[in-house]
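Asks: Dropping the structure in here first, questions after.
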Amino acid sequence: MMSFRSALVVATLLMPTLVVAGSPVKKLVFSDPAGDDFGPGSYTYPTHAVYAPGSFDLRNVEITDKGATIQFKVKLGARIKDPWNSKDWDGNGFSLQFVQIYIDTDHKAGSGFTKPLPGLGGAKFAADEAWDKLVLISPQGKTRLGQEVKYKARAMRKSVVIPRKTRARGKTLTAIVKKSDLGPIGANWGIQVVVQSNEGYPAKKDILTRRVNQVRGEHRFGGGHDTACDPHVIDILAGKAKGEKTEIAAQKRTLAYTCNKKLATLPMIYASKR
Ligand SMILES: [Ca+2]
Ligand SMILES: [Ca+2]
């Protein structure tokens with residue numbers, strides 16, 4: 001029989017494991033393959049020269065605990081430029097991209113939102129993968145971004161996190177979020193990262209996103225549908241989000257849609273299940 005003393009030793013040895021399993025983590029990393037910046041498989045970039053190949057091709061996402069802040073780094077397939085001089089509109093040093101990071105913090109059905117932010121066309125999250133927090137990495141200044149969310153997504157506004165700082169360097173966008181706005185990084189968090197394009201003159205109910213039409217235009221994506229029944233997302237995380245080629249097929253499957261019948265699904269990728 002185990003003595004009280006040795007039982008205590010066993011309990012002490014077990015404890016750190018239990019604590020680690022439920023503890024916050026320092027860092028989460030997700031990757032995405034190259035060349036799948038085409039939504040469900042058919043989308044094409046707008047024709048204007050500013051939309052350089054790879055500009056919306058998601059490659060890598062790093063979420064890092066920095067103490068009082070959480071840092072989000074999103075790497076794309078092309079150098080990030082500022083062709084529309086964002087300084088003129090109180091922007092963040094880039095023009096074209098708009099990245100939305102959806103986080104399921106509790107993995108509970110009925111907790112969170114299954115609809116994405118307005119402007120992603122026909123797309124949903126599964127009921128048990130509803131999002132609780134959304135970090136917006138936009139070239140728009142905080143005031144404009146805050147107003148858009150307040151007026152067009154009133155019910156979601158308390159779950160939307162606007163970073164303290166957003167900047168671009170090389171192929172990478174970096175956003176710094178207050179930890180008090182988000183909480184520590186959970187080992188069981190589910191993540192989805194949607195790459196869209198910043199549209200300063202969006203359709204009435206859309207939040208700063210560029211539409212996808214059937215035929216592409218100078219500033220419209222093509223290969224979708226002229227009503228917003230198609231998912232207005234250019235690249236997303238899919239499969240296990242390790243950057244493997246098979247994730248391209250997984251993305252096509254999950255974004256498959258039929259207008260007025262079946263919405264595209266934005267999957268959550270759970271860090272603990274990869
Ligand atoms: Ca990609
Ligand atoms: Ca992808």
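Ligands are numbered from 1 in the order shown, chains are lettered A, B, ... in the order of the structure tokens, and residues start at 1 in each chain.
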Do you know which residues are at most 9 Å from segment 213-226 of chain A counting only C-alpha atoms, after dropping those on the same chain fewer than 6 positions away, and could you put them as a ChimeraX atom specification?

Replies: /A:38,40-49,51,199,232,234,259

Asks: Pick out the residues no farther than 6 Å from ligand 1, counting only C-alpha atoms and all ligand atoms, and list them as JSON, numbers by chain.

Replies: {"A": [32, 33, 34, 35, 36, 37, 57, 58, 59, 235]}

Asks: Write a file of the just-selected residues containing C-alpha atoms, as a PDB file, in the first residue's frame.

Replies:
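Dumped everything to result29.pdb:
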ATOM      1  CA  ASP A  32      -1.333  27.501 -45.258  1.00  0.00           C
ATOM      2  CA  PRO A  33      -0.138  26.225 -48.628  1.00  0.00           C
ATOM      3  CA  ALA A  34       0.857  28.540 -51.486  1.00  0.00           C
ATOM      4  CA  GLY A  35      -1.350  29.058 -54.522  1.00  0.00           C
ATOM      5  CA  ASP A  36      -4.824  28.632 -53.006  1.00  0.00           C
ATOM      6  CA  ASP A  37      -5.771  32.330 -52.993  1.00  0.00           C
ATOM      7  CA  ASP A  57      -2.249  34.215 -50.463  1.00  0.00           C
ATOM      8  CA  LEU A  58      -2.172  33.258 -46.785  1.00  0.00           C
ATOM      9  CA  ARG A  59       1.053  31.456 -45.803  1.00  0.00           C
ATOM     10  CA  ASP A 235      -7.901  32.459 -48.748  1.00  0.00           C
TER      11      ASP A 235
END

Asks: May I ask you to write as a compact mmCIF listing (two decimals) with N, CA and C atoms, in the first residue's frame all residues lying at most 12 Å from ligand 2, with only C-alpha atoms and all ligand atoms counted?

Replies:
# COMPACT_ATOMS: atom_id res chain seq x y z
N PHE A 30 0.10 28.55 -37.25
CA PHE A 30 -0.70 27.88 -38.28
C PHE A 30 -0.10 28.22 -39.63
N SER A 31 -0.14 27.25 -40.56
CA SER A 31 0.39 27.52 -41.90
C SER A 31 -0.64 27.19 -42.96
N ASP A 32 -0.42 27.72 -44.15
CA ASP A 32 -1.33 27.50 -45.26
C ASP A 32 -0.51 27.34 -46.54
N PRO A 33 -0.93 26.44 -47.41
CA PRO A 33 -0.14 26.23 -48.63
C PRO A 33 -0.17 27.43 -49.57
N ALA A 34 0.80 27.48 -50.47
CA ALA A 34 0.86 28.54 -51.49
C ALA A 34 -0.10 28.21 -52.62
N GLY A 35 -0.61 29.24 -53.28
CA GLY A 35 -1.35 29.06 -54.52
C GLY A 35 -2.82 28.73 -54.38
N ASP A 36 -3.39 28.90 -53.18
CA ASP A 36 -4.82 28.63 -53.01
C ASP A 36 -5.58 29.92 -52.67
N ASP A 37 -5.10 31.04 -53.21
CA ASP A 37 -5.77 32.33 -52.99
C ASP A 37 -6.86 32.50 -54.05
N PHE A 38 -7.78 31.53 -54.04
CA PHE A 38 -8.86 31.49 -55.04
C PHE A 38 -10.18 31.03 -54.43
N GLY A 39 -10.37 31.30 -53.11
CA GLY A 39 -11.62 30.93 -52.43
C GLY A 39 -11.95 29.46 -52.64
N PRO A 40 -13.16 29.17 -53.19
CA PRO A 40 -13.54 27.76 -53.38
C PRO A 40 -12.85 27.10 -54.58
N GLY A 41 -11.94 27.82 -55.24
CA GLY A 41 -11.18 27.22 -56.33
C GLY A 41 -11.28 27.98 -57.64
N GLY A 54 -0.28 36.79 -55.43
CA GLY A 54 0.18 36.41 -54.09
C GLY A 54 -0.22 37.37 -52.99
N PHE A 56 -2.96 38.09 -51.67
CA PHE A 56 -3.99 37.59 -50.74
C PHE A 56 -3.78 36.11 -50.42
N ASP A 57 -2.56 35.63 -50.70
CA ASP A 57 -2.25 34.22 -50.46
C ASP A 57 -1.70 34.03 -49.05
N LEU A 58 -2.55 33.49 -48.18
CA LEU A 58 -2.17 33.26 -46.78
C LEU A 58 -1.09 32.19 -46.71
N ARG A 59 -0.04 32.42 -45.93
CA ARG A 59 1.05 31.46 -45.80
C ARG A 59 1.30 31.00 -44.37
N ASN A 60 1.23 31.97 -43.44
CA ASN A 60 1.60 31.62 -42.07
C ASN A 60 0.97 32.60 -41.07
N VAL A 61 0.60 32.07 -39.92
CA VAL A 61 0.03 32.91 -38.86
C VAL A 61 0.70 32.54 -37.54
N LEU A 76 1.96 36.71 -45.97
CA LEU A 76 1.27 36.51 -47.25
C LEU A 76 2.28 36.14 -48.33
N GLY A 77 1.77 35.93 -49.55
CA GLY A 77 2.62 35.44 -50.62
C GLY A 77 3.33 36.50 -51.44
N GLN A 192 -9.65 30.64 -37.14
CA GLN A 192 -9.81 30.72 -38.59
C GLN A 192 -9.30 32.08 -39.03
N VAL A 193 -8.54 32.10 -40.12
CA VAL A 193 -7.98 33.35 -40.63
C VAL A 193 -8.50 33.56 -42.05
N VAL A 194 -9.23 34.65 -42.24
CA VAL A 194 -9.81 34.94 -43.54
C VAL A 194 -9.03 36.10 -44.18
N VAL A 195 -8.57 35.89 -45.41
CA VAL A 195 -7.91 36.98 -46.14
C VAL A 195 -8.92 37.57 -47.12
N VAL A 233 -14.44 35.27 -49.54
CA VAL A 233 -13.16 35.03 -48.86
C VAL A 233 -12.18 34.54 -49.92
N ILE A 234 -10.97 35.06 -49.88
CA ILE A 234 -10.01 34.74 -50.93
C ILE A 234 -9.11 33.58 -50.51
N ASP A 235 -8.67 33.59 -49.26
CA ASP A 235 -7.90 32.46 -48.75
C ASP A 235 -8.27 32.27 -47.28
N ILE A 236 -8.28 30.99 -46.85
CA ILE A 236 -8.59 30.67 -45.45
C ILE A 236 -7.68 29.52 -45.00
N LEU A 237 -7.67 29.26 -43.69
CA LEU A 237 -7.01 28.06 -43.18
C LEU A 237 -7.94 26.87 -43.40
N ALA A 238 -7.37 25.70 -43.70
CA ALA A 238 -8.20 24.51 -43.87
C ALA A 238 -7.41 23.27 -43.45
N GLY A 239 -8.12 22.16 -43.29
CA GLY A 239 -7.48 20.91 -42.87
C GLY A 239 -6.83 21.10 -41.51
N LYS A 240 -5.58 20.69 -41.38
CA LYS A 240 -4.88 20.85 -40.10
C LYS A 240 -4.07 22.14 -40.04
N ALA A 241 -4.12 22.93 -41.10
CA ALA A 241 -3.39 24.20 -41.16
C ALA A 241 -1.91 24.03 -40.85
N LYS A 242 -1.32 23.06 -41.54
CA LYS A 242 0.13 22.85 -41.42
C LYS A 242 0.85 23.25 -42.71
N GLY A 243 0.09 23.75 -43.67
CA GLY A 243 0.70 24.21 -44.92
C GLY A 243 0.85 23.10 -45.95
N GLU A 244 0.16 21.98 -45.72
CA GLU A 244 0.30 20.85 -46.65
C GLU A 244 -0.58 21.04 -47.89
N LYS A 245 -0.13 20.45 -49.00
CA LYS A 245 -0.85 20.57 -50.27
C LYS A 245 -2.29 20.06 -50.18
N THR A 246 -2.52 19.03 -49.36
CA THR A 246 -3.87 18.46 -49.23
C THR A 246 -4.88 19.48 -48.68
N GLU A 247 -4.36 20.50 -48.03
CA GLU A 247 -5.25 21.52 -47.45
C GLU A 247 -5.92 22.37 -48.54
N ILE A 248 -5.35 22.32 -49.75
CA ILE A 248 -5.98 23.06 -50.86
C ILE A 248 -7.32 22.40 -51.20
N ALA A 249 -7.33 21.07 -51.29
CA ALA A 249 -8.57 20.34 -51.55
C ALA A 249 -9.56 20.53 -50.39
N ALA A 250 -9.04 20.54 -49.17
CA ALA A 250 -9.90 20.74 -47.99
C ALA A 250 -10.58 22.11 -48.04
N GLN A 251 -9.84 23.11 -48.49
CA GLN A 251 -10.41 24.46 -48.62
C GLN A 251 -11.53 24.49 -49.67
N LYS A 252 -11.27 23.85 -50.80
CA LYS A 252 -12.29 23.81 -51.87
C LYS A 252 -13.57 23.12 -51.37
N ARG A 253 -13.39 22.03 -50.63
CA ARG A 253 -14.56 21.29 -50.12
C ARG A 253 -15.39 22.14 -49.16
N THR A 254 -14.70 22.76 -48.20
CA THR A 254 -15.44 23.48 -47.16
C THR A 254 -16.07 24.78 -47.69
N LEU A 255 -15.46 25.35 -48.75
CA LEU A 255 -16.02 26.59 -49.32
C LEU A 255 -17.02 26.33 -50.45
N LEU A 266 -16.87 28.07 -42.89
CA LEU A 266 -15.52 28.47 -42.46
C LEU A 266 -15.14 27.58 -41.29
N PRO A 267 -14.18 26.67 -41.46
CA PRO A 267 -13.86 25.73 -40.38
C PRO A 267 -12.95 26.36 -39.32
N ILE A 269 -9.88 25.73 -36.78
CA ILE A 269 -8.76 24.81 -36.63
C ILE A 269 -8.36 24.83 -35.16

Asks: Do you have the atom CA of Lys75 of chain A-atom CA of Val177 of chain A distance handy?

Replies: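 For atom CA of Lys75 of chain A relative to atom CA of Val177 of chain A, the distance reads 17.3 Å.
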
Asks: Can I get the residues of segment 13-130 of chain A within 12 Å of segment 148-157 of chain A, each with the closest pair of atoms and their distance in Å to one decimal, using only C-alpha atoms, sorted chain first then ascending number, as a tab-separated table?

Replies:
residue	atom	partner	partner_atom	distance
A:Gly112	CA	A:Met156	CA	9.3
A:Phe113	CA	A:Met156	CA	8.0
A:Thr114	CA	A:Met156	CA	11.0
A:Lys115	CA	A:Met156	CA	9.8
A:Pro116	CA	A:Met156	CA	9.5
A:Leu117	CA	A:Ala153	CA	6.9
A:Pro118	CA	A:Ala153	CA	6.9
A:Gly119	CA	A:Lys152	CA	9.7

Asks: Select from segment 26-109 of chain A everything DSSP, run on the backbone, classes as strand (DSSP E), then give the selection as number ranges by chain.

Replies: A: 27-31, 58-65, 69-76, 97-104

Asks: Please extract the residues of segment 213-261 of chain A with a backbone DSSP assignment of alpha helix (DSSP H) and present them as a ChimeraX atom specification.

Replies: /A:246-255

Asks: Taking 5 positions as the minimum chain separation for residues in the same chain, which residues sit within 6 Å of segment 93-97 of chain A when counting only C-alpha atoms? Answer as a compact mmCIF listing (two decimals) with N, CA and C atoms, in the first residue's frame.

Replies:
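around.txt, written as the output of this step:
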# COMPACT_ATOMS: atom_id res chain seq x y z
N LYS A 81 2.26 46.26 -50.15
CA LYS A 81 2.52 47.63 -50.59
C LYS A 81 1.41 48.59 -50.17
N ASP A 82 1.64 49.85 -50.45
CA ASP A 82 0.69 50.88 -50.04
C ASP A 82 0.35 51.80 -51.22
N TRP A 84 -2.30 53.06 -52.28
CA TRP A 84 -3.32 54.11 -52.10
C TRP A 84 -2.95 55.06 -50.95
N SER A 86 -1.96 55.13 -47.61
CA SER A 86 -2.83 55.04 -46.43
C SER A 86 -2.64 56.19 -45.44
N PRO A 139 -5.96 47.98 -42.91
CA PRO A 139 -5.18 49.20 -43.11
C PRO A 139 -5.91 50.45 -42.62
N SER A 197 -9.89 41.67 -49.13
CA SER A 197 -9.24 42.89 -49.59
C SER A 197 -9.95 44.09 -49.01
N ASN A 198 -9.16 45.05 -48.53
CA ASN A 198 -9.73 46.29 -47.99
C ASN A 198 -10.42 47.09 -49.09

Asks: At what distance in Å, to one decimal, does atom CA of Thr209 of chain A lie from atom CA of Thr172 of chain A?

Replies: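 Result for atom CA of Thr172 of chain A versus atom CA of Thr209 of chain A: 19.7 Å, one decimal.
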
Asks: Near Lys26 of chain A, within 7 Å and counting only C-alpha atoms, which residues show up once chain neighbours fewer than 3 positions away are dropped, as a list in words?

Replies: Thr64, Asp65 and Ile185 of chain A

Asks: Record the distance separating atom CA of Ala126 of chain A and atom CA of Lys261 of chain A, expressed in Å with one decimal.

Replies: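 Pair atom CA of Ala126 of chain A / atom CA of Lys261 of chain A returns 15.7 Å.
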
Asks: Name the closest residue to Leu120 of chain A among the candidates A:Ser55, A:Thr69, A:Gln100, A:Asn92; distances are taken between atoms, counting only C-alpha atoms.

Replies: A:Gln100

Asks: Compare A:Leu136, A:Trp131, A:Lys142, A:Ile162 by their minimum atom-to-atom distance to Met268 of chain A, counting only C-alpha atoms, and give me the closest one.

Replies: A:Trp131
